[in-house]
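Shown here: input-v4.txt, compact mmCIF, C-alpha atoms and all ligand atoms.
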```txt
# COMPACT_ATOMS: atom_id res chain seq x y z
CA MET A 75 9.31 8.71 16.07
CA THR A 76 5.50 8.42 16.35
CA ASP A 77 3.68 11.04 18.40
CA ARG A 78 1.23 10.23 21.21
CA THR A 79 -1.80 10.96 19.06
CA ALA A 80 -0.68 8.74 16.18
CA ALA A 81 -3.37 6.44 14.80
CA HIS A 82 -2.90 2.66 14.82
CA PHE A 83 -2.38 1.05 11.43
CA TYR A 84 -2.44 -2.48 10.03
CA LEU A 85 -0.64 -2.82 6.67
CA ASP A 86 -1.47 -5.60 4.20
CA CYS A 87 1.15 -5.86 1.46
CA ASP A 88 2.97 -7.95 -1.15
CA THR A 89 6.44 -6.46 -0.66
CA GLY A 90 7.37 -5.35 -3.63
CA ILE A 91 9.47 -2.22 -4.36
CA ASP A 92 6.68 0.31 -4.01
CA ASP A 93 5.38 -1.62 -0.98
CA ALA A 94 8.86 -1.13 0.53
CA LEU A 95 8.52 2.62 -0.05
CA ALA A 96 5.08 2.59 1.58
CA LEU A 97 6.46 0.71 4.58
CA ALA A 98 9.40 3.11 4.95
CA TYR A 99 6.99 6.06 4.74
CA LEU A 100 4.62 4.62 7.37
CA LEU A 101 7.54 3.96 9.71
CA ALA A 102 8.76 7.51 9.16
CA THR A 103 5.55 9.45 9.62
CA PRO A 104 4.74 10.60 13.15
CA ARG A 105 1.04 10.33 12.24
CA ALA A 106 1.06 6.52 12.20
CA GLU A 107 1.89 3.71 14.57
CA LEU A 108 2.17 0.47 12.68
CA VAL A 109 0.87 -2.31 14.93
CA GLY A 110 0.88 -5.25 12.53
CA ILE A 111 1.64 -6.29 8.97
CA GLY A 112 0.20 -9.11 6.88
CA THR A 113 1.51 -10.33 3.56
CA VAL A 114 -0.27 -11.77 0.54
CA SER A 115 0.95 -13.23 -2.73
CA GLY A 116 1.15 -10.65 -5.48
CA ASN A 117 4.48 -9.15 -6.52
CA VAL A 118 6.10 -12.15 -4.78
CA SER A 119 4.70 -15.05 -2.75
CA ALA A 120 3.18 -14.24 0.64
CA ALA A 121 6.16 -15.96 2.29
CA GLY A 122 8.67 -14.03 0.16
CA GLY A 123 6.86 -10.79 0.94
CA ALA A 124 7.06 -11.55 4.66
CA ARG A 125 10.82 -12.13 4.42
CA ASN A 126 11.29 -8.81 2.61
CA THR A 127 9.11 -7.07 5.19
CA LEU A 128 10.97 -8.53 8.18
CA ASP A 129 14.32 -7.60 6.64
CA LEU A 130 13.16 -4.04 5.94
CA LEU A 131 11.77 -3.67 9.46
CA GLN A 132 15.09 -4.76 10.90
CA LEU A 133 17.00 -2.35 8.66
CA ALA A 134 14.67 0.46 9.72
CA GLY A 135 15.11 -0.32 13.42
CA HIS A 136 11.57 -1.65 14.00
CA PRO A 137 12.11 -5.41 14.31
CA ASP A 138 9.29 -5.88 16.84
CA ILE A 139 6.32 -5.12 14.59
CA PRO A 140 4.53 -8.47 14.07
CA VAL A 141 4.48 -9.81 10.52
CA ALA A 142 1.97 -12.55 9.58
CA VAL A 143 2.00 -14.55 6.36
CA GLY A 144 -1.35 -14.51 4.62
CA ALA A 145 -2.92 -16.15 1.61
CA HIS A 146 -0.68 -17.81 -0.94
CA HIS A 147 -3.43 -18.36 -3.51
CA PRO A 148 -6.26 -16.04 -4.57
CA GLN A 149 -9.86 -17.14 -3.92
CA ALA A 150 -10.19 -18.52 -7.45
CA GLY A 151 -7.23 -20.18 -9.14
CA THR A 152 -3.61 -20.28 -8.09
CA PHE A 153 -0.82 -17.76 -7.47
CA HIS A 154 0.72 -16.86 -10.84
CA GLY A 155 4.31 -16.60 -9.56
CA GLY A 156 4.67 -12.84 -9.07
CA ALA A 157 6.00 -9.97 -11.16
CA PRO A 158 9.79 -10.44 -11.45
CA HIS A 159 9.89 -8.21 -14.55
CA VAL A 160 8.59 -5.31 -12.42
CA HIS A 161 9.99 -6.00 -8.94
CA GLY A 162 12.86 -8.46 -9.53
CA SER A 163 12.86 -12.14 -8.64
CA ASN A 164 13.13 -11.44 -4.89
CA GLY A 165 10.53 -8.65 -5.08
CA ILE A 166 12.94 -5.88 -4.12
CA GLY A 167 14.87 -5.45 -7.33
CA GLY A 168 17.53 -8.03 -6.49
CA VAL A 169 18.76 -5.94 -3.53
CA GLU A 170 20.16 -8.21 -0.81
CA LEU A 171 19.14 -6.88 2.60
CA PRO A 172 20.81 -8.08 5.80
CA ARG A 173 18.66 -10.99 6.93
CA SER A 174 16.57 -10.32 10.03
CA ASP A 175 16.63 -13.05 12.67
CA ARG A 176 12.87 -12.54 13.22
CA GLU A 177 10.30 -14.93 11.77
CA PRO A 178 6.65 -14.37 10.91
CA ILE A 179 4.21 -14.95 13.79
CA GLN A 180 2.10 -18.11 13.89
CA ALA A 181 -1.23 -16.39 13.16
CA THR A 182 -2.33 -15.82 9.58
CA ALA A 183 -2.60 -12.27 8.27
CA ALA A 184 -6.42 -12.45 8.45
CA GLU A 185 -6.24 -13.63 12.08
CA LEU A 186 -3.79 -10.86 12.96
CA LEU A 187 -6.04 -8.23 11.39
CA VAL A 188 -9.09 -9.48 13.31
CA GLN A 189 -7.13 -9.59 16.56
CA LEU A 190 -5.83 -6.02 16.08
CA ALA A 191 -9.29 -4.79 15.10
CA HIS A 192 -10.63 -6.01 18.46
CA GLN A 193 -7.63 -4.69 20.37
CA HIS A 194 -8.01 -1.22 18.79
CA ALA A 195 -11.78 -1.36 18.31
CA GLY A 196 -13.18 1.60 16.40
CA GLU A 197 -9.83 3.19 15.67
CA LEU A 198 -7.67 0.74 13.70
CA ARG A 199 -6.90 1.95 10.18
CA VAL A 200 -6.13 -0.54 7.43
CA VAL A 201 -3.87 0.13 4.46
CA ALA A 202 -4.12 -2.58 1.79
CA ILE A 203 -1.50 -2.37 -0.97
CA GLY A 204 -1.61 -5.90 -2.36
CA PRO A 205 -4.35 -8.22 -3.62
CA LEU A 206 -7.29 -8.19 -1.19
CA THR A 207 -7.34 -11.92 -0.36
CA ASN A 208 -6.40 -11.45 3.33
CA ILE A 209 -8.88 -8.65 3.88
CA ALA A 210 -11.71 -10.73 2.41
CA ALA A 211 -10.64 -13.69 4.60
CA ALA A 212 -10.71 -11.42 7.67
CA LEU A 213 -14.24 -10.27 6.76
CA ARG A 214 -15.32 -13.91 6.75
CA LEU A 215 -13.58 -14.60 10.06
CA GLU A 216 -15.15 -11.55 11.69
CA PRO A 217 -18.25 -10.21 9.91
CA LYS A 218 -18.25 -7.21 12.32
CA LEU A 219 -14.86 -6.12 10.98
CA PRO A 220 -16.30 -3.06 9.15
CA GLU A 221 -17.67 -1.78 12.49
CA LEU A 222 -14.39 -2.43 14.29
CA VAL A 223 -12.16 -0.75 11.72
CA ALA A 224 -12.18 3.06 11.44
CA GLU A 225 -11.35 3.02 7.74
CA ILE A 226 -9.59 1.13 4.99
CA THR A 227 -7.45 2.63 2.23
CA ILE A 228 -6.81 0.44 -0.77
CA MET A 229 -4.26 0.89 -3.55
CA GLY A 230 -6.02 -0.65 -6.48
CA GLY A 231 -8.26 -0.35 -9.47
CA ALA A 232 -8.61 2.12 -12.30
CA ALA A 233 -11.55 4.52 -12.48
CA LEU A 234 -11.09 6.36 -15.78
CA ALA A 235 -7.49 5.32 -16.48
CA PRO A 236 -6.56 2.14 -18.37
CA GLY A 237 -5.62 -0.98 -16.43
CA ASN A 238 -2.04 -2.18 -16.03
CA ILE A 239 -2.72 -5.93 -16.32
CA THR A 240 -5.56 -5.97 -18.83
CA ALA A 241 -7.21 -3.14 -20.73
CA VAL A 242 -9.30 -2.36 -17.66
CA ALA A 243 -7.86 -4.22 -14.65
CA GLU A 244 -5.18 -3.06 -12.22
CA ALA A 245 -2.82 -5.66 -10.71
CA ASN A 246 -4.03 -5.77 -7.09
CA ILE A 247 -7.64 -6.19 -8.17
CA ALA A 248 -6.82 -8.46 -11.15
CA ASN A 249 -4.90 -10.81 -8.87
CA ASP A 250 -8.03 -11.58 -6.84
CA PRO A 251 -11.21 -10.00 -8.23
CA GLU A 252 -13.51 -12.12 -6.03
CA ALA A 253 -11.78 -10.91 -2.86
CA ALA A 254 -11.83 -7.31 -4.10
CA ALA A 255 -15.56 -7.54 -4.83
CA GLU A 256 -16.22 -8.72 -1.26
CA VAL A 257 -14.05 -6.03 0.28
CA LEU A 258 -15.57 -3.21 -1.76
CA ALA A 259 -19.10 -4.45 -1.01
CA ALA A 260 -18.55 -4.44 2.78
CA ALA A 261 -20.05 -1.61 4.83
CA TRP A 262 -16.95 0.30 5.85
CA ASN A 263 -15.35 3.64 5.12
CA VAL A 264 -13.21 2.84 2.12
CA THR A 265 -10.86 4.96 0.06
CA LEU A 266 -9.66 3.66 -3.27
CA VAL A 267 -6.35 4.95 -4.63
CA PRO A 268 -6.46 3.86 -8.28
CA LEU A 269 -4.04 4.08 -11.21
CA ASP A 270 -5.66 7.41 -12.20
CA VAL A 271 -3.71 9.10 -9.43
CA THR A 272 -0.77 6.72 -8.85
CA MET A 273 0.37 6.84 -12.49
CA SER A 274 0.22 10.63 -12.60
CA ASN A 275 2.45 11.17 -9.55
CA VAL A 276 5.93 9.93 -10.31
CA LEU A 277 9.30 9.64 -8.66
CA GLU A 278 12.10 10.95 -10.89
CA GLU A 279 15.76 9.99 -11.20
CA ARG A 280 16.76 13.09 -9.20
CA HIS A 281 14.63 11.78 -6.29
CA ARG A 282 16.38 8.41 -6.52
CA GLN A 283 19.76 10.17 -6.48
CA GLU A 284 18.65 12.04 -3.33
CA LEU A 285 17.86 8.72 -1.68
CA LEU A 286 21.23 7.27 -2.70
CA ALA A 287 23.01 10.35 -1.37
CA THR A 288 21.32 10.12 2.04
CA ASP A 289 23.42 8.40 4.67
CA HIS A 290 20.84 5.92 5.99
CA PRO A 291 20.66 2.19 5.18
CA VAL A 292 16.93 2.28 4.33
CA SER A 293 17.43 5.25 2.01
CA GLN A 294 20.28 3.52 0.18
CA ALA A 295 18.33 0.26 -0.12
CA LEU A 296 15.29 2.10 -1.52
CA GLY A 297 17.50 3.98 -3.99
CA ASP A 298 18.98 0.69 -5.19
CA MET A 299 15.58 -1.00 -5.49
CA LEU A 300 14.21 1.94 -7.45
CA GLY A 301 17.00 1.48 -10.00
CA TYR A 302 15.32 -1.81 -10.95
CA TYR A 303 11.79 -0.39 -10.79
CA PHE A 304 12.71 2.59 -13.00
CA GLY A 305 14.01 0.11 -15.60
CA PHE A 306 10.52 -1.35 -15.92
CA TYR A 307 8.89 2.08 -16.26
CA VAL A 308 11.26 3.40 -18.96
CA ASP A 309 9.08 1.86 -21.67
CA ILE A 310 5.95 3.35 -20.14
CA PHE A 311 7.05 6.90 -19.34
CA GLY A 312 9.92 7.20 -21.83
CA ARG A 313 12.43 8.09 -19.10
CA ALA A 314 13.85 6.63 -15.88
CA CYS A 315 11.16 7.26 -13.26
CA SER A 316 8.35 5.30 -11.62
CA ALA A 317 4.75 5.43 -10.55
CA MET A 318 4.18 5.70 -6.80
CA HIS A 319 1.25 3.36 -6.22
CA ASP A 320 1.68 2.08 -2.68
CA PRO A 321 3.41 5.01 -0.93
CA LEU A 322 0.66 7.30 -2.22
CA ALA A 323 -2.01 5.05 -0.69
CA ALA A 324 -0.07 5.07 2.60
CA ALA A 325 0.17 8.87 2.57
CA ILE A 326 -3.53 9.24 1.82
CA ALA A 327 -4.35 6.84 4.67
CA VAL A 328 -2.44 9.01 7.15
CA GLN A 329 -3.98 12.20 5.69
CA GLY A 330 -0.53 13.34 4.69
CA VAL A 331 -1.51 14.79 1.31
CA GLU A 332 -4.26 17.10 0.16
CA LEU A 333 -6.88 15.60 -2.17
CA THR A 334 -8.55 17.92 -4.66
CA VAL A 335 -10.78 15.45 -6.54
CA ALA A 336 -12.03 12.46 -4.55
CA PRO A 337 -15.75 11.81 -5.02
CA THR A 338 -17.58 9.20 -2.95
CA VAL A 339 -19.34 6.89 -5.38
CA ARG A 340 -20.49 3.31 -5.91
CA VAL A 341 -17.72 0.95 -6.96
CA GLU A 342 -18.26 -2.63 -8.08
CA VAL A 343 -15.70 -5.18 -9.22
CA ASP A 344 -16.24 -7.24 -12.35
CA THR A 345 -15.86 -10.92 -11.42
CA THR A 346 -17.04 -12.32 -14.73
CA SER A 347 -14.63 -14.26 -16.92
CA GLY A 348 -14.93 -11.83 -19.82
CA PRO A 349 -12.63 -8.98 -20.86
CA GLY A 350 -13.88 -6.82 -17.98
CA ARG A 351 -12.67 -9.24 -15.27
CA GLY A 352 -11.00 -7.32 -12.46
CA GLN A 353 -12.30 -3.92 -13.54
CA THR A 354 -13.33 -1.51 -10.77
CA VAL A 355 -16.52 -0.05 -12.16
CA CYS A 356 -16.71 3.40 -10.55
CA ASP A 357 -19.99 5.23 -11.01
CA LEU A 358 -18.68 8.65 -11.98
CA ARG A 359 -21.76 9.62 -14.01
CA GLY A 360 -22.28 12.38 -11.49
CA GLN A 361 -19.65 14.37 -13.35
CA TYR A 362 -22.41 14.94 -15.94
CA LEU A 363 -25.49 14.46 -13.82
CA GLY A 364 -24.61 16.07 -10.50
CA PHE A 365 -24.61 12.75 -8.64
CA PRO A 366 -28.42 12.41 -8.53
CA ASP A 367 -28.66 9.20 -6.56
CA GLN A 368 -25.71 8.09 -4.52
CA ARG A 369 -27.55 5.76 -2.15
CA GLY A 370 -25.19 2.96 -1.32
CA ALA A 371 -22.19 5.01 -2.41
CA ARG A 372 -19.46 4.64 0.16
CA CYS A 373 -16.19 4.43 -1.71
CA ARG A 374 -14.08 7.56 -1.92
CA VAL A 375 -12.14 7.37 -5.18
CA VAL A 376 -9.03 9.55 -5.29
CA LEU A 377 -8.57 11.15 -8.71
CA GLU A 378 -6.35 14.20 -8.09
CA LEU A 379 -3.94 15.55 -5.51
CA GLY A 380 -3.42 19.18 -4.58
CA GLU A 381 0.33 18.96 -4.04
CA ASP A 382 3.56 17.41 -5.22
CA PHE A 383 3.67 13.97 -3.67
CA ALA A 384 7.34 13.15 -4.31
CA SER A 385 8.44 16.10 -2.12
CA HIS A 386 6.13 14.97 0.69
CA LEU A 387 7.33 11.36 0.47
CA LEU A 388 11.03 12.16 0.49
CA GLY A 389 10.66 14.99 2.99
CA THR A 390 8.83 12.76 5.49
CA MET A 391 11.37 9.95 5.29
CA GLN A 392 14.38 12.24 5.39
CA ALA A 393 13.07 14.14 8.41
CA ALA A 394 12.72 10.85 10.31
CA TRP A 395 16.17 9.62 9.30
CA LEU A 396 17.70 12.95 10.34
CA ALA A 397 15.93 12.82 13.70
CA GLU A 398 17.34 9.30 14.26
CA ASP A 399 20.84 10.65 13.58
CA SER A 400 20.45 13.49 16.05
CA LEU A 401 19.17 11.08 18.71
CA ASP A 402 22.18 8.82 18.11
CA ALA A 403 24.49 11.81 18.37
CA ALA A 404 22.89 13.25 21.55
CA PRO A 405 25.19 13.06 24.60
CA VAL A 406 24.04 10.63 27.31
CA ALA A 407 22.99 12.62 30.42
C1 LIG B 1 0.10 -2.43 -7.59
O1 LIG B 1 0.57 -3.70 -8.05
C2 LIG B 1 1.81 -4.01 -7.48
O2 LIG B 1 2.73 -4.37 -8.47
C3 LIG B 1 2.30 -2.77 -6.78
O3 LIG B 1 3.01 -3.11 -5.61
C4 LIG B 1 1.04 -2.00 -6.47
O4 LIG B 1 0.50 -2.39 -5.23
C5 LIG B 1 0.06 -1.46 -8.75
O5 LIG B 1 -0.81 -1.92 -9.74
CA CA B 2 1.82 -3.73 -3.65
```

For this file, write the structure as structure tokens.
Amino acid sequence: MTDRTAAHFYLDCDTGIDDALALAYLLATPRAELVGIGTVSGNVSAAGGARNTLDLLQLAGHPDIPVAVGAHHPQAGTFHGGAPHVHGSNGIGGVELPRSDREPIQATAAELLVQLAHQHAGELRVVAIGPLTNIAAALRLEPKLPELVAEITIMGGAALAPGNITAVAEANIANDPEAAAEVLAAAWNVTLVPLDVTMSNVLEERHRQELLATDHPVSQALGDMLGYYFGFYVDIFGRACSAMHDPLAAAIAVQGVELTVAPTVRVEVDTTSGPGRGQTVCDLRGQYLGFPDQRGARCRVVLELGEDFASHLLGTMQAAWLAEDSLDAAPVA
């Protein structure tokens, strides 16, 4: 379904219900060709995330995309065991997908990223929707990575919004602040998609019902998974719906949505052991001061969208699923 001018993408994820949505979106959009996927411990273990990813790829009809298992533990400390209360004990809301017969490749996620960055030098785009452990490891393996990669889009952090793990820290950054600090300090084009924008663009129950009513196995699986995810968010939003963290980062990476507020500023990660640990400190003083000195500022922080994201997300996936149907139905010449 990708067009000839589609950009090449590497996805780093901790699959995860919203990761699954991001993956389905990237597979559906003609703007992206996914050339490799790495997994990292976060919502589930890196190995569990790889299994979910392989199974989803098979269900979506893309079993050949290489999947590499990445870091199990963060740079400091040990993997905390995941977020079963948010994503279910298997990471995808307890949904049992048909098991793919594919296995992860031998290379680690960091090795795969470096290899793809050389193969697609200057034009590979990275979407990171889990803790940044693999990306930091890749930077160590290949210090020229920022020159080889066209850009990196990261779901993570909180600029002006509260955190979702501590008062100030968002999960992907909180799970490995040291790695995040390294990644955000590297000299590449980076876009941060923080909680400010992912918590204010939600998927409603009517969207979930649309997915369940669509005759495609990926759509049904996503609808089922979201049932679990919505359960977690009821206490936060007061109704059955969910934030759209990872699919929004994927859509921003493929330039699928219009951004209305996205200043490029300095961002640093707090790696102290105090209450600020894991905070993304975004220098937004320019809102008062007119951004007097932005030397060293290279991180675009997305704060507002100019359109309804749920319609774009569902519309993109449904168009691809419909096109698959019409191909299947086309008479053989
Ligand atoms: C991020 O943490 C994970 O639970 C989600 O998959 C998303 O990447 C949101 O804070
Ligand atoms: Ca994620």

Please, which residues have at least one atom within 7 Å of an atom of ligand CA 2 (chain B), using all atoms listed in the file, listed as a PyMOL selection string? chain A and resi 87-90+92-93+117+203-204+320

Discussion item. Considering only C-alpha atoms, can you say which of A:Gln392, A:Gln294, A:Asn263, A:Asn246 comes closest to A:Leu171?
Written reply: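 Checking each candidate against A:Leu171, we get A:Gln294 as the closest.
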
### Query
Taking into account only C-alpha atoms and all ligand atoms, which residue in the set A:Asp270, A:Glu185, A:Glu221, A:Asp344 is nearest to ligand LIG 1 (chain B)?
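Of the candidates, the smallest distance to ligand LIG 1 (chain B) is held by A:Asp270.
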
Who sits within 12 Å of A:Glu197, all atoms listed in the file, same chain under 4 positions skipped, as a ChimeraX atom specification:
/A:79-84,106-107,190-193,219-226,263

| request: Please identify the residues whose atoms come within 10 Å of ligand LIG 1 (chain B), using all atoms listed in the file, and report them as a PyMOL selection string. | output: chain A and resi 87-96+116-118+156-158+160-161+165+202-205+228-232+237-239+243-249+267-269+272-273+317-321+323

Give me a file of those residues, with C-alpha atoms, as a PDB file, in the frame of the given file.
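What follows is the written file result.pdb:
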```pdb
ATOM      1  CA  CYS A  87       1.150  -5.860   1.460  1.00  0.00           C
ATOM      2  CA  ASP A  88       2.970  -7.950  -1.150  1.00  0.00           C
ATOM      3  CA  THR A  89       6.440  -6.460  -0.660  1.00  0.00           C
ATOM      4  CA  GLY A  90       7.370  -5.350  -3.630  1.00  0.00           C
ATOM      5  CA  ILE A  91       9.470  -2.220  -4.360  1.00  0.00           C
ATOM      6  CA  ASP A  92       6.680   0.310  -4.010  1.00  0.00           C
ATOM      7  CA  ASP A  93       5.380  -1.620  -0.980  1.00  0.00           C
ATOM      8  CA  ALA A  94       8.860  -1.130   0.530  1.00  0.00           C
ATOM      9  CA  LEU A  95       8.520   2.620  -0.050  1.00  0.00           C
ATOM     10  CA  ALA A  96       5.080   2.590   1.580  1.00  0.00           C
ATOM     11  CA  GLY A 116       1.150 -10.650  -5.480  1.00  0.00           C
ATOM     12  CA  ASN A 117       4.480  -9.150  -6.520  1.00  0.00           C
ATOM     13  CA  VAL A 118       6.100 -12.150  -4.780  1.00  0.00           C
ATOM     14  CA  GLY A 156       4.670 -12.840  -9.070  1.00  0.00           C
ATOM     15  CA  ALA A 157       6.000  -9.970 -11.160  1.00  0.00           C
ATOM     16  CA  PRO A 158       9.790 -10.440 -11.450  1.00  0.00           C
ATOM     17  CA  VAL A 160       8.590  -5.310 -12.420  1.00  0.00           C
ATOM     18  CA  HIS A 161       9.990  -6.000  -8.940  1.00  0.00           C
ATOM     19  CA  GLY A 165      10.530  -8.650  -5.080  1.00  0.00           C
ATOM     20  CA  ALA A 202      -4.120  -2.580   1.790  1.00  0.00           C
ATOM     21  CA  ILE A 203      -1.500  -2.370  -0.970  1.00  0.00           C
ATOM     22  CA  GLY A 204      -1.610  -5.900  -2.360  1.00  0.00           C
ATOM     23  CA  PRO A 205      -4.350  -8.220  -3.620  1.00  0.00           C
ATOM     24  CA  ILE A 228      -6.810   0.440  -0.770  1.00  0.00           C
ATOM     25  CA  MET A 229      -4.260   0.890  -3.550  1.00  0.00           C
ATOM     26  CA  GLY A 230      -6.020  -0.650  -6.480  1.00  0.00           C
ATOM     27  CA  GLY A 231      -8.260  -0.350  -9.470  1.00  0.00           C
ATOM     28  CA  ALA A 232      -8.610   2.120 -12.300  1.00  0.00           C
ATOM     29  CA  GLY A 237      -5.620  -0.980 -16.430  1.00  0.00           C
ATOM     30  CA  ASN A 238      -2.040  -2.180 -16.030  1.00  0.00           C
ATOM     31  CA  ILE A 239      -2.720  -5.930 -16.320  1.00  0.00           C
ATOM     32  CA  ALA A 243      -7.860  -4.220 -14.650  1.00  0.00           C
ATOM     33  CA  GLU A 244      -5.180  -3.060 -12.220  1.00  0.00           C
ATOM     34  CA  ALA A 245      -2.820  -5.660 -10.710  1.00  0.00           C
ATOM     35  CA  ASN A 246      -4.030  -5.770  -7.090  1.00  0.00           C
ATOM     36  CA  ILE A 247      -7.640  -6.190  -8.170  1.00  0.00           C
ATOM     37  CA  ALA A 248      -6.820  -8.460 -11.150  1.00  0.00           C
ATOM     38  CA  ASN A 249      -4.900 -10.810  -8.870  1.00  0.00           C
ATOM     39  CA  VAL A 267      -6.350   4.950  -4.630  1.00  0.00           C
ATOM     40  CA  PRO A 268      -6.460   3.860  -8.280  1.00  0.00           C
ATOM     41  CA  LEU A 269      -4.040   4.080 -11.210  1.00  0.00           C
ATOM     42  CA  THR A 272      -0.770   6.720  -8.850  1.00  0.00           C
ATOM     43  CA  MET A 273       0.370   6.840 -12.490  1.00  0.00           C
ATOM     44  CA  ALA A 317       4.750   5.430 -10.550  1.00  0.00           C
ATOM     45  CA  MET A 318       4.180   5.700  -6.800  1.00  0.00           C
ATOM     46  CA  HIS A 319       1.250   3.360  -6.220  1.00  0.00           C
ATOM     47  CA  ASP A 320       1.680   2.080  -2.680  1.00  0.00           C
ATOM     48  CA  PRO A 321       3.410   5.010  -0.930  1.00  0.00           C
ATOM     49  CA  ALA A 323      -2.010   5.050  -0.690  1.00  0.00           C
TER      50      ALA A 323
END
```

Kindly compute an axis-aligned box around the listed atoms of stretch 92-109 of chain A, allowing 4 Å on each side, and express its centre and edge lengths in Å to one decimal as JSON.
```
{"center_x": 5.1, "center_y": 4.1, "center_z": 5.5, "size_x": 16.5, "size_y": 20.9, "size_z": 26.9}
```

Atom pair atom CA of A:Thr207 + atom CA of A:Ala253, distance 5.2 Å

Of the candidates A:Leu379, A:Gly330, A:Glu252, A:Ala384, which shows the shortest atom-to-atom distance to A:Thr354, using all atoms listed in the file?
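The shortest atom-to-atom distance to A:Thr354 comes from A:Glu252.
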
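Computed from the coordinates, the atom CA of A:Gly167 to atom CA of A:Tyr302 distance equals 5.2 Å.
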
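The coordinates place atom CA of A:Ala325 at 17.6 Å from atom CA of A:Ser293.
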
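Proximity ranking of A:His194, A:His159, A:His386, A:Arg199 relative to A:His281 places A:His386 first, based on only C-alpha atoms.
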
Find the residues with any atom within 7 Å of (-13.3, -9.4, -0.2); use only C-alpha atoms and the coordinates as given in the file, and write the answer as a list in words.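 Residues with an atom at most 7 Å from (-13.3, -9.4, -0.2): Leu206, Thr207, Ile209, Ala210, Ala211, Glu252, Ala253, Ala254, Ala255, Glu256, Val257 and Leu258 of chain A.
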
Please write the residues from the selection above to a file, keeping C-alpha atoms, as an mmCIF file, keeping the file's coordinate frame.
```
data_model
loop_
_atom_site.group_PDB
_atom_site.id
_atom_site.type_symbol
_atom_site.label_atom_id
_atom_site.label_comp_id
_atom_site.auth_asym_id
_atom_site.auth_seq_id
_atom_site.Cartn_x
_atom_site.Cartn_y
_atom_site.Cartn_z
ATOM 1 C CA LEU A 206 -7.290 -8.190 -1.190
ATOM 2 C CA THR A 207 -7.340 -11.920 -0.360
ATOM 3 C CA ILE A 209 -8.880 -8.650 3.880
ATOM 4 C CA ALA A 210 -11.710 -10.730 2.410
ATOM 5 C CA ALA A 211 -10.640 -13.690 4.600
ATOM 6 C CA GLU A 252 -13.510 -12.120 -6.030
ATOM 7 C CA ALA A 253 -11.780 -10.910 -2.860
ATOM 8 C CA ALA A 254 -11.830 -7.310 -4.100
ATOM 9 C CA ALA A 255 -15.560 -7.540 -4.830
ATOM 10 C CA GLU A 256 -16.220 -8.720 -1.260
ATOM 11 C CA VAL A 257 -14.050 -6.030 0.280
ATOM 12 C CA LEU A 258 -15.570 -3.210 -1.760
#
```

- prompt: A:Asp382: which residues within 10 Å, counting only C-alpha atoms, same-chain residues fewer than 2 positions away excluded, as a ChimeraX atom specification?
  reply: /A:275-276,331-332,379-380,384-387

| request: Considering only C-alpha atoms, return as a PyMOL selection string whatever protein or nucleic-acid residues lie within 8 Å of stretch 135-145 of chain A, sequence-local ones (same chain, fewer than 4 positions apart) excluded. | output: chain A and resi 108-115+120-121+124+127-128+131+174+176-184+186+207-208

Using only C-alpha atoms, the best pick from A:Asp175, A:Glu278, A:Glu342, A:Asp402 as closest to A:Gln132 would be A:Asp175

Got a minute to add N, CA, C and O atoms to stretch 289-296 of chain A and dump it as an mmCIF file, keeping the file's coordinate frame?
```
data_model
loop_
_atom_site.group_PDB
_atom_site.id
_atom_site.type_symbol
_atom_site.label_atom_id
_atom_site.label_comp_id
_atom_site.auth_asym_id
_atom_site.auth_seq_id
_atom_site.Cartn_x
_atom_site.Cartn_y
_atom_site.Cartn_z
ATOM 1 N N ASP A 289 22.644 9.369 3.908
ATOM 2 C CA ASP A 289 23.420 8.400 4.670
ATOM 3 C C ASP A 289 22.528 7.646 5.670
ATOM 4 O O ASP A 289 22.555 7.905 6.877
ATOM 5 N N HIS A 290 21.699 6.764 5.139
ATOM 6 C CA HIS A 290 20.840 5.920 5.990
ATOM 7 C C HIS A 290 20.641 4.604 5.238
ATOM 8 O O HIS A 290 20.380 4.623 4.031
ATOM 9 N N PRO A 291 20.737 3.465 5.920
ATOM 10 C CA PRO A 291 20.660 2.190 5.180
ATOM 11 C C PRO A 291 19.343 1.974 4.454
ATOM 12 O O PRO A 291 19.322 1.383 3.365
ATOM 13 N N VAL A 292 18.225 2.475 5.013
ATOM 14 C CA VAL A 292 16.930 2.280 4.330
ATOM 15 C C VAL A 292 16.900 3.135 3.059
ATOM 16 O O VAL A 292 16.447 2.679 2.001
ATOM 17 N N SER A 293 17.418 4.352 3.166
ATOM 18 C CA SER A 293 17.430 5.250 2.010
ATOM 19 C C SER A 293 18.254 4.639 0.869
ATOM 20 O O SER A 293 17.830 4.645 -0.291
ATOM 21 N N GLN A 294 19.410 4.120 1.202
ATOM 22 C CA GLN A 294 20.280 3.520 0.180
ATOM 23 C C GLN A 294 19.604 2.288 -0.450
ATOM 24 O O GLN A 294 19.644 2.108 -1.662
ATOM 25 N N ALA A 295 18.989 1.470 0.403
ATOM 26 C CA ALA A 295 18.330 0.260 -0.120
ATOM 27 C C ALA A 295 17.188 0.655 -1.055
ATOM 28 O O ALA A 295 17.025 0.070 -2.135
ATOM 29 N N LEU A 296 16.401 1.664 -0.667
ATOM 30 C CA LEU A 296 15.290 2.100 -1.520
ATOM 31 C C LEU A 296 15.820 2.659 -2.840
ATOM 32 O O LEU A 296 15.270 2.371 -3.911
#
```
